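Novice: Contents of input_6.cif (mmCIF, C-alpha atoms) are below:
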data_query
loop_
_atom_site.label_atom_id
_atom_site.label_comp_id
_atom_site.auth_asym_id
_atom_site.auth_seq_id
_atom_site.Cartn_x
_atom_site.Cartn_y
_atom_site.Cartn_z
CA MET A 1 -18.47 -125.06 26.14
CA SER A 2 -16.48 -122.55 28.16
CA ASP A 3 -14.14 -121.52 25.36
CA THR A 4 -16.84 -120.34 22.99
CA LYS A 5 -15.95 -117.10 21.29
CA LYS A 6 -18.02 -114.66 19.32
CA PHE A 7 -16.83 -114.77 15.72
CA LEU A 8 -17.96 -112.28 13.11
CA PHE A 9 -17.23 -112.96 9.45
CA VAL A 10 -17.33 -109.87 7.25
CA ASN A 11 -17.96 -110.69 3.59
CA ARG A 12 -17.12 -107.84 1.24
CA LYS A 13 -16.50 -109.31 -2.20
CA ALA A 14 -18.61 -110.57 -5.11
CA PRO A 15 -19.11 -114.37 -4.98
CA TYR A 16 -17.10 -115.35 -8.04
CA GLY A 17 -13.90 -114.02 -9.59
CA THR A 18 -11.97 -114.40 -6.36
CA ILE A 19 -11.85 -117.27 -3.88
CA TYR A 20 -12.76 -115.11 -0.85
CA ALA A 21 -16.48 -115.87 -0.69
CA TRP A 22 -16.05 -119.63 -0.88
CA GLU A 23 -13.11 -119.65 1.54
CA SER A 24 -15.10 -117.57 3.99
CA LEU A 25 -18.06 -119.95 3.78
CA GLU A 26 -15.83 -122.94 4.47
CA VAL A 27 -14.26 -121.29 7.52
CA ILE A 28 -17.74 -120.28 8.71
CA LEU A 29 -18.96 -123.89 8.54
CA ILE A 30 -15.85 -125.15 10.31
CA SER A 31 -16.22 -122.54 13.09
CA ALA A 32 -19.83 -123.56 13.58
CA ALA A 33 -18.90 -127.26 13.61
CA PHE A 34 -16.64 -126.40 16.54
CA GLU A 35 -19.68 -124.82 18.24
CA GLN A 36 -18.51 -121.24 18.22
CA ASP A 37 -20.93 -118.31 18.31
CA VAL A 38 -20.89 -117.25 14.65
CA SER A 39 -22.38 -114.16 13.02
CA LEU A 40 -22.05 -113.05 9.41
CA VAL A 41 -22.06 -109.65 7.78
CA PHE A 42 -22.49 -108.97 4.08
CA VAL A 43 -21.38 -105.51 2.94
CA ASP A 44 -20.27 -103.85 -0.31
CA ASP A 45 -20.32 -106.35 -3.23
CA GLY A 46 -20.51 -109.10 -0.61
CA VAL A 47 -24.30 -108.70 -0.65
CA PHE A 48 -24.25 -110.45 -4.06
CA GLN A 49 -23.02 -113.63 -2.35
CA ILE A 50 -26.52 -114.30 -1.06
CA ALA A 51 -28.40 -112.98 -4.10
CA LYS A 52 -31.19 -115.23 -5.38
CA GLY A 53 -31.06 -117.01 -8.74
CA GLN A 54 -27.29 -117.32 -9.22
CA ASP A 55 -26.30 -119.14 -12.40
CA THR A 56 -22.65 -120.03 -12.85
CA SER A 57 -23.03 -122.34 -15.84
CA ASP A 58 -21.14 -119.94 -18.15
CA LEU A 59 -18.37 -119.46 -15.58
CA GLY A 60 -17.48 -123.12 -15.17
CA ILE A 61 -17.48 -122.67 -11.40
CA LYS A 62 -19.67 -124.47 -8.90
CA ASN A 63 -22.65 -122.39 -7.79
CA PHE A 64 -22.22 -122.66 -4.04
CA SER A 65 -25.08 -120.33 -3.13
CA PRO A 66 -27.36 -123.28 -2.11
CA THR A 67 -24.91 -123.92 0.73
CA TYR A 68 -26.01 -120.70 2.49
CA ASN A 69 -29.39 -122.39 3.01
CA ALA A 70 -27.63 -124.94 5.24
CA LEU A 71 -26.43 -122.24 7.69
CA GLY A 72 -29.60 -122.64 9.76
CA ASP A 73 -28.76 -126.33 10.30
CA TYR A 74 -25.39 -125.18 11.66
CA ASP A 75 -27.16 -122.89 14.15
CA ILE A 76 -25.93 -119.80 12.31
CA ASN A 77 -28.86 -117.42 12.48
CA LYS A 78 -27.32 -113.99 12.90
CA ILE A 79 -26.83 -112.78 9.36
CA TYR A 80 -26.53 -109.02 8.95
CA ILE A 81 -26.82 -107.17 5.66
CA GLU A 82 -25.73 -103.58 5.43
CA LYS A 83 -28.66 -101.45 4.30
CA GLU A 84 -26.50 -98.88 2.51
CA SER A 85 -24.76 -101.59 0.43
CA LEU A 86 -28.09 -103.04 -0.68
CA GLU A 87 -29.46 -99.62 -1.62
CA ALA A 88 -26.33 -98.60 -3.55
CA ARG A 89 -26.80 -101.70 -5.73
CA GLY A 90 -30.53 -101.24 -6.24
CA LEU A 91 -31.29 -104.38 -4.25
CA THR A 92 -33.86 -105.12 -1.58
CA VAL A 93 -34.13 -107.99 0.85
CA ASP A 94 -36.49 -109.69 -1.65
CA ASP A 95 -33.54 -110.11 -4.05
CA LEU A 96 -31.72 -112.20 -1.44
CA LEU A 97 -31.98 -115.86 -0.51
CA LYS A 98 -34.54 -116.47 2.19
CA LEU A 99 -32.29 -117.77 4.94
CA THR A 100 -34.11 -119.18 7.94
CA TYR A 101 -33.55 -121.33 11.01
CA GLU A 102 -35.75 -123.38 13.30
CA ASP A 103 -35.89 -122.04 16.84
CA GLU A 104 -35.39 -124.93 19.24
CA ASP A 105 -36.76 -122.86 22.14
CA ASP A 106 -39.94 -121.93 20.28
CA ASP A 107 -41.25 -125.35 19.14
CA TRP A 108 -38.96 -125.31 16.07
CA ALA A 109 -40.74 -122.34 14.54
CA GLU A 110 -39.10 -121.19 11.30
CA LYS A 111 -37.57 -117.74 11.70
CA ASP A 112 -35.65 -115.32 9.50
CA SER A 113 -31.88 -115.32 9.93
CA ILE A 114 -31.38 -112.18 7.85
CA HIS A 115 -31.35 -108.76 9.47
CA VAL A 116 -30.88 -105.61 7.43
CA VAL A 117 -28.93 -103.12 9.52
CA SER A 118 -27.51 -99.64 9.00
CA SER A 119 -23.82 -98.93 8.85
CA ALA A 120 -24.03 -97.35 12.32
CA GLU A 121 -25.68 -100.48 13.76
CA LEU A 122 -22.93 -102.61 12.20
CA VAL A 123 -20.33 -100.70 14.17
CA GLU A 124 -22.08 -101.73 17.38
CA ILE A 125 -22.33 -105.36 16.26
CA MET A 126 -18.61 -105.41 15.46
CA ASP A 127 -17.83 -103.92 18.86
CA GLN A 128 -19.46 -106.88 20.62
CA GLN A 129 -17.28 -109.56 18.98
CA ASP A 130 -14.22 -111.41 20.23
CA VAL A 131 -12.92 -112.08 16.73
CA VAL A 132 -13.68 -110.23 13.47
CA LEU A 133 -12.47 -111.83 10.25
CA SER A 134 -12.75 -109.96 6.98
CA PHE A 135 -12.95 -111.70 3.60
CA MET B 1 -5.54 -144.55 -5.77
CA SER B 2 -8.55 -146.08 -7.49
CA ILE B 3 -11.27 -148.68 -7.12
CA GLU B 4 -12.73 -151.13 -9.65
CA VAL B 5 -16.52 -150.90 -10.05
CA ASN B 6 -18.44 -152.87 -12.68
CA GLY B 7 -15.35 -153.12 -14.88
CA LYS B 8 -14.59 -149.39 -14.63
CA THR B 9 -11.64 -147.85 -12.82
CA LEU B 10 -12.71 -144.91 -10.65
CA GLU B 11 -10.12 -142.54 -9.29
CA THR B 12 -10.08 -141.80 -5.54
CA ASP B 13 -8.00 -139.55 -3.32
CA GLU B 14 -5.45 -140.93 -0.84
CA GLU B 15 -8.18 -141.44 1.79
CA GLY B 16 -10.44 -143.35 -0.60
CA TYR B 17 -12.97 -140.61 -1.43
CA LEU B 18 -14.19 -140.56 -5.04
CA SER B 19 -12.42 -137.88 -7.08
CA ASN B 20 -15.45 -137.31 -9.29
CA LEU B 21 -18.74 -137.59 -7.49
CA ASN B 22 -20.64 -137.90 -10.77
CA GLU B 23 -19.09 -141.33 -11.21
CA TRP B 24 -20.96 -142.66 -8.17
CA GLU B 25 -23.36 -145.57 -8.47
CA PRO B 26 -24.78 -147.76 -5.68
CA GLU B 27 -22.21 -150.47 -6.38
CA VAL B 28 -19.46 -147.99 -5.38
CA ALA B 29 -20.80 -148.03 -1.81
CA ASN B 30 -20.95 -151.84 -1.73
CA ILE B 31 -17.37 -152.17 -2.95
CA MET B 32 -16.03 -149.51 -0.56
CA ALA B 33 -17.81 -151.28 2.31
CA LYS B 34 -16.26 -154.59 1.31
CA LEU B 35 -12.80 -152.96 1.46
CA ASP B 36 -13.64 -151.98 5.07
CA ASP B 37 -14.88 -155.54 5.83
CA ALA B 38 -18.42 -154.25 6.19
CA GLU B 39 -21.69 -155.15 4.54
CA LEU B 40 -24.42 -152.59 3.90
CA ASN B 41 -27.97 -153.15 5.05
CA GLU B 42 -31.04 -150.96 4.58
CA ASN B 43 -30.14 -148.83 7.63
CA HIS B 44 -26.82 -147.94 6.03
CA TRP B 45 -28.57 -147.12 2.77
CA GLU B 46 -31.02 -144.83 4.56
CA VAL B 47 -28.09 -142.69 5.73
CA ILE B 48 -26.21 -142.88 2.42
CA ASN B 49 -29.28 -141.82 0.46
CA PHE B 50 -29.97 -139.06 2.95
CA LEU B 51 -26.43 -137.71 2.49
CA ARG B 52 -26.75 -137.75 -1.28
CA GLU B 53 -30.00 -135.78 -1.07
CA TYR B 54 -28.43 -133.33 1.38
CA TYR B 55 -25.51 -132.78 -0.97
CA GLU B 56 -27.84 -132.34 -3.93
CA GLU B 57 -29.73 -129.61 -2.07
CA TYR B 58 -26.91 -127.78 -0.25
CA GLN B 59 -23.73 -128.71 -2.21
CA ILE B 60 -21.91 -129.74 0.97
CA ALA B 61 -21.47 -132.82 3.11
CA PRO B 62 -22.88 -131.93 6.53
CA ALA B 63 -20.84 -131.94 9.75
CA VAL B 64 -21.64 -134.88 12.04
CA ARG B 65 -23.61 -132.74 14.48
CA VAL B 66 -25.76 -131.39 11.64
CA LEU B 67 -26.18 -134.83 10.13
CA THR B 68 -27.30 -136.32 13.45
CA LYS B 69 -29.88 -133.60 13.98
CA ALA B 70 -31.19 -133.81 10.41
CA ILE B 71 -31.45 -137.61 10.50
CA GLY B 72 -33.39 -137.35 13.75
CA LYS B 73 -35.81 -134.96 12.14
CA LYS B 74 -36.30 -137.09 9.05
CA LEU B 75 -36.04 -140.67 10.32
CA GLY B 76 -36.95 -140.31 13.99
CA LYS B 77 -35.21 -139.76 17.33
CA ASP B 78 -34.15 -143.41 17.66
CA LYS B 79 -31.93 -142.93 14.58
CA GLY B 80 -30.88 -139.32 15.13
CA ASN B 81 -28.26 -140.02 17.77
CA SER B 82 -24.52 -140.64 17.73
CA LYS B 83 -24.77 -144.15 19.19
CA TYR B 84 -26.99 -145.43 16.39
CA LEU B 85 -24.93 -143.72 13.67
CA TYR B 86 -21.57 -144.86 15.06
CA GLU B 87 -22.83 -148.44 15.26
CA LEU B 88 -23.67 -148.27 11.57
CA PHE B 89 -20.49 -146.42 10.63
CA PRO B 90 -17.79 -147.16 13.21
CA TYR B 91 -15.17 -145.08 11.34
CA GLY B 92 -17.37 -142.03 11.94
CA PRO B 93 -20.78 -141.38 10.37
CA GLY B 94 -19.55 -138.26 8.63
CA LYS B 95 -16.37 -139.65 7.14
CA GLN B 96 -17.38 -143.22 6.37
CA ALA B 97 -20.94 -142.63 5.17
CA CYS B 98 -19.89 -139.67 3.02
CA LYS B 99 -17.19 -141.78 1.44
CA TYR B 100 -19.64 -144.55 0.56
CA ALA B 101 -22.06 -141.92 -0.77
CA GLY B 102 -19.37 -140.60 -3.12
CA LEU B 103 -19.25 -137.20 -1.39
CA PRO B 104 -16.20 -135.23 -0.33
CA LYS B 105 -15.07 -135.42 3.29
CA PRO B 106 -17.40 -133.27 5.41
CA THR B 107 -16.34 -129.65 5.84
CA GLY B 108 -14.98 -129.29 9.36
CA CYS B 109 -13.70 -132.86 9.60
CA VAL B 110 -10.03 -132.91 10.44
#
When written as structure tokens, how does the structure in this file appear?
Specialist:
Amino acid sequence: MSDTKKFLFVNRKAPYGTIYAWESLEVILISAAFEQDVSLVFVDDGVFQIAKGQDTSDLGIKNFSPTYNALGDYDINKIYIEKESLEARGLTVDDLLKLTYEDEDDDWAEKDSIHVVSSAELVEIMDQQDVVLSF
Amino acid sequence: MSIEVNGKTLETDEEGYLSNLNEWEPEVANIMAKLDDAELNENHWEVINFLREYYEEYQIAPAVRVLTKAIGKKLGKDKGNSKYLYELFPYGPGKQACKYAGLPKPTGCV
């Protein structure tokens, strides 16, 4: 498609308590359904959105974290996590969902979608985008 | 809006999607199909059951492109293509099959 744009979704907020995380995820899926080039960033409390073992039973809200596992099916495989945000919260990549995709050009090998990057590297990634949306 | 299934009245939205997906039972799909002048065979059920499993795992109804690819992977290339799926579900495999499966309208469907 000639009118493909590079979209970057910046997720900054904790998953529950506000609607931002869920709204962002819906827009992300819609953008990918329209075959745009989609990347995601998780910074600040946004890193909790893809934390493992979420349990919302006491909140009375749907736990939508399993939906992030579907991102690979939508060809979304550029997921950046800010290193400083993880460290400030005492988290490592092992505390996050293991998000993967199957590489069509490499005999459908399963590959990691998650890339931990520094704040400085994020600036470069943001610079390369056509559209940056912050949630 | 609502539909009658096994003596129970189940609420639907204005497009006929079940309001509460926990109320789904196989008969819901049969009755919805009848309202569309269709009859379900085992090929339809393969897709409906696949969608229910997909929802169970990921909590979303997949976009058509994703559904087509995933069906191809699970049930074979001869079924993982738009022609086959549109023949089964002429109103659109995403919309129609999700409705019969009791799921919400797929995210990204306008």
Novice: Can you spell out as a PyMOL selection string the set of residues that the PyMOL selection byres ((chain A) within 9 of (chain B)) selects in the structure I just provided?
Specialist: chain A and resi 26-27+29-34+62-70+73-75
Novice: List the neighbours of Glu27 of chain B out to 9 Å using only C-alpha atoms; skip same-chain residues closer than 5 positions along the sequence, and give me the result as a ChimeraX atom specification.
Specialist: /B:5-6,32
Novice: One decimal, in Å: what's the spacing between atom CA of Leu35 of chain B and atom CA of Leu88 of chain B?
Specialist: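 Atom-to-atom, atom CA of Leu35 of chain B and atom CA of Leu88 of chain B are spaced 15.6 Å apart.
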Novice: Any chance you could work out the residue set of the PyMOL selection byres ((chain B and resi 44) around 10) here, as a PyMOL selection string?
Specialist: chain B and resi 29+39-43+45-50+85+88-89+93+97+100
Novice: Residues picked by the PyMOL selection byres ((chain A and resi 83-85) around 8) here, as a list of chain:residue names?
Specialist: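 Residues picked by the PyMOL selection byres ((chain A and resi 83-85) around 8): A:Val43, A:Asp44, A:Asp45, A:Val47, A:Ile81, A:Glu82, A:Leu86, A:Glu87, A:Ala88, A:Arg89, A:Val116, A:Val117, A:Ser118, A:Ser119.
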Novice: Quick one: distance from atom CA of Asp36 of chain B to atom CA of Ser2 of chain B in Å, one decimal?
Specialist: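 About the pair atom CA of Asp36 of chain B and atom CA of Ser2 of chain B: they are 14.8 Å apart.
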Novice: At what distance in Å, to one decimal, does atom CA of Glu124 of chain A lie from atom CA of Val41 of chain A?
Specialist: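 Between atom CA of Val41 of chain A and atom CA of Glu124 of chain A the gap works out to 12.4 Å.
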Novice: Name the residues in contact with Tyr16 of chain A at a cut-off of 12 Å, using only C-alpha atoms, excluding same-chain residues fewer than 6 positions from it; report them as a PyMOL selection string.
Specialist: chain A and resi 22-23+45-46+48-50+54-56+58-65
Novice: With only C-alpha atoms as the basis for distance, which of A:Gly72, A:Gly90, A:Pro15, A:Gly53 is at the shortest distance from Phe135 of chain A?
Specialist: A:Pro15
Novice: Extract, using all atoms listed in the file, all DNA, RNA and protein residues at most 9 Å from segment 6-8 of chain A, discarding same-chain residues fewer than 4 positions from it, and format them as number ranges by chain.
Specialist: A: 28, 31, 36-41, 125-126, 128-134
Novice: For the selection just defined, write its residues with C-alpha atoms to a file, as a PDB file, in the coordinates of the input.
Specialist:
ATOM      1  CA  ILE A  28     -17.740-120.280   8.710  1.00  0.00           C
ATOM      2  CA  SER A  31     -16.220-122.540  13.090  1.00  0.00           C
ATOM      3  CA  GLN A  36     -18.510-121.240  18.220  1.00  0.00           C
ATOM      4  CA  ASP A  37     -20.930-118.310  18.310  1.00  0.00           C
ATOM      5  CA  VAL A  38     -20.890-117.250  14.650  1.00  0.00           C
ATOM      6  CA  SER A  39     -22.380-114.160  13.020  1.00  0.00           C
ATOM      7  CA  LEU A  40     -22.050-113.050   9.410  1.00  0.00           C
ATOM      8  CA  VAL A  41     -22.060-109.650   7.780  1.00  0.00           C
ATOM      9  CA  ILE A 125     -22.330-105.360  16.260  1.00  0.00           C
ATOM     10  CA  MET A 126     -18.610-105.410  15.460  1.00  0.00           C
ATOM     11  CA  GLN A 128     -19.460-106.880  20.620  1.00  0.00           C
ATOM     12  CA  GLN A 129     -17.280-109.560  18.980  1.00  0.00           C
ATOM     13  CA  ASP A 130     -14.220-111.410  20.230  1.00  0.00           C
ATOM     14  CA  VAL A 131     -12.920-112.080  16.730  1.00  0.00           C
ATOM     15  CA  VAL A 132     -13.680-110.230  13.470  1.00  0.00           C
ATOM     16  CA  LEU A 133     -12.470-111.830  10.250  1.00  0.00           C
ATOM     17  CA  SER A 134     -12.750-109.960   6.980  1.00  0.00           C
TER      18      SER A 134
END
Novice: Do a neighbour search on Ser19 of chain B at 12 Å with all atoms listed in the file, toss out local chain neighbours closer than 3 positions, and write the hits as a ChimeraX atom specification.
Specialist: /B:1-3,9-16,22-24,99,102-105
